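Structure first, then comments.
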Amino acid sequence: MGVDDNGELAINGTAITGNISAIYNLVAINAAIPSNVLTVGSNTLSLGWGSTDNNDEAFRLGAVIQTCGASFTGGLALTSAVPANNATGVATSTAITLNFNNTIDPATVNSTTLPVMIGWNSNQEIGGTYQVTGSQVIFTPDNPFPVNANIWVGAYNGPKDTAGDSAANGVNSYTQLTNFTTGSTATADPVAFQVMAFTPANNATNVGLRAPVTATFNRSVNPYQHQPNNATADFGLLRATARVRGAERRYSRSQDNTSIRSTAMRCRATQP
């Protein structure tokens with residue numbers, strides 16, 4: 001909690017803390033709540049204001065509700081992984097299993113909080129699906145990993161357990177969780193590489209001049225093979241069969257490299 005200038009907390013009118021002053025930073029609260037002050041179904045947490053030296057008052061409370069009897073200590077940490085950390089010769093078709101010490105909140109597991117990368121490079125994230133069961137997360141890549149590649153799993157502002165503890169060390173910084181190296185034998189992709197969707201849709205009409213153009217693929221692309229401003233680029237905006245020129249264009253990729261987006265900063269009506 002944080003409070004300016006000070007005060008104490010109560011449950012159903014019974015104080016559970018002493019006077020707390022936390023003006024500039026949130027402070028953790030460890031309070032033993034007597035069972036005789038609790039009621040089934042509804043309980044009221046209140047703040048009793050303390051003294052003040054001005055008219056600028058504020059109170060902030062951050063809390064996590066846990067299942068009765070649940071208690072996590074020591075934060076969230078990875079306990080084991082399959083493939084094991086630093087494993088070599090791993091089959092390129094392998095799924096990644098991560099086991100944590102606490103129950104994971106599924107809403108906090110995604111490609112941003114738990115990125116899978118080639119060579120610990122956030123520009124080379126690998127697309128895939130995440131399955132959360134209790135304290136276990138299974139990542140299945142959209143397509144086999146490349147051969148002889150060092151694959152890293154990191155944590156970024158998550159994932160979190162049901163108590164709100166994060167596997168990342170700090171905010172807005174990547175934490176290395178585990179890594180392995182694939183073998184030299186390639187596994188064939190089960191489905192050919194292809195575009196799954198376009199925005200705007202094919203043959204769409206009355207599209208705005210500044211509408212972004214997005215192609216979504218069935219798996220991650222190699223970002224270093226795509227240089228749209230190069231004369232030999234493998235993708236670009238075209239008018240008929242000629243590359244659109246005279247328009248300033250911006251290109252971006254989704255975090256898992258499954259989508260490429262072009263946003264025209266300036267476009268004439270005669271151009272697509």
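Naming scheme: A, B, ... for chains in displayed order of the structure tokens; residues 1 onward per chain; ligands 1 onward as shown.
Of the residues in range 11-254 of chain A, those that DSSP places in helix (DSSP H, G or I) on the basis of the backbone are Ser35, Asn36, Val37, Pro106, Ala107, Thr108, Ser122, Asn123, Gln124, Pro223, Tyr224 and Gln225 of chain A.
Once range 189-199 of chain A and its same-chain neighbours fewer than 5 positions away are set aside, A:Asn143, A:Val213, A:Thr214, A:Ala215, A:Thr216, A:Phe217, A:Asn218 remain within 6 Å of it when counting only C-alpha atoms.
Close contacts of Asn99 in chain A, defined as residues with an atom at most 8 Å away when counting only C-alpha atoms, with chain neighbours fewer than 2 positions off set aside, comprise Leu78, Thr79, Ser80, Ala81, Thr97, Asn101, Ser135, Gln136 and Val137 of chain A.
Shortest atom-to-atom contact with Glu57 in chain A among A:Asn202, A:Asn85, A:Asn43, A:Ser21: A:Ser21, counting only C-alpha atoms.
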Using DSSP on the backbone coordinates, identify all residues within range 150-232 of chain A classified as strand (DSSP E or B); present the result as a PyMOL selection string. chain A and resi 150-156+160-161+166+174-182+195-199+213-217
File dump, residues just selected, C-alpha atoms, as a CSV table (one decimal), in the first residue's frame:
chain,number,residue,atom,x,y,z
A,150,ASN,CA,20.7,-22.0,-29.9
A,151,ILE,CA,17.2,-21.6,-28.7
A,152,TRP,CA,16.5,-19.4,-25.6
A,153,VAL,CA,13.4,-19.0,-23.4
A,154,GLY,CA,13.2,-15.7,-21.6
A,155,ALA,CA,10.9,-13.9,-19.3
A,156,TYR,CA,9.8,-10.3,-19.7
A,160,LYS,CA,3.2,-14.5,-13.2
A,161,ASP,CA,1.9,-17.0,-10.7
A,166,SER,CA,6.9,-12.6,-11.9
A,174,TYR,CA,14.7,-9.8,-20.2
A,175,THR,CA,15.5,-12.7,-17.8
A,176,GLN,CA,17.1,-15.8,-19.2
A,177,LEU,CA,15.3,-19.0,-18.1
A,178,THR,CA,16.7,-21.8,-20.2
A,179,ASN,CA,18.4,-22.7,-23.5
A,180,PHE,CA,19.3,-25.6,-25.7
A,181,THR,CA,20.9,-26.2,-29.1
A,182,THR,CA,19.2,-28.1,-31.9
A,195,VAL,CA,0.1,-16.5,-46.2
A,196,MET,CA,-2.9,-17.1,-44.0
A,197,ALA,CA,-4.6,-13.7,-44.3
A,198,PHE,CA,-4.3,-10.2,-45.8
A,199,THR,CA,-5.6,-6.9,-44.4
A,213,VAL,CA,-1.3,-3.4,-45.4
A,214,THR,CA,-0.7,-6.6,-43.3
A,215,ALA,CA,0.3,-10.1,-44.4
A,216,THR,CA,0.0,-12.8,-41.7
A,217,PHE,CA,1.9,-16.1,-42.3
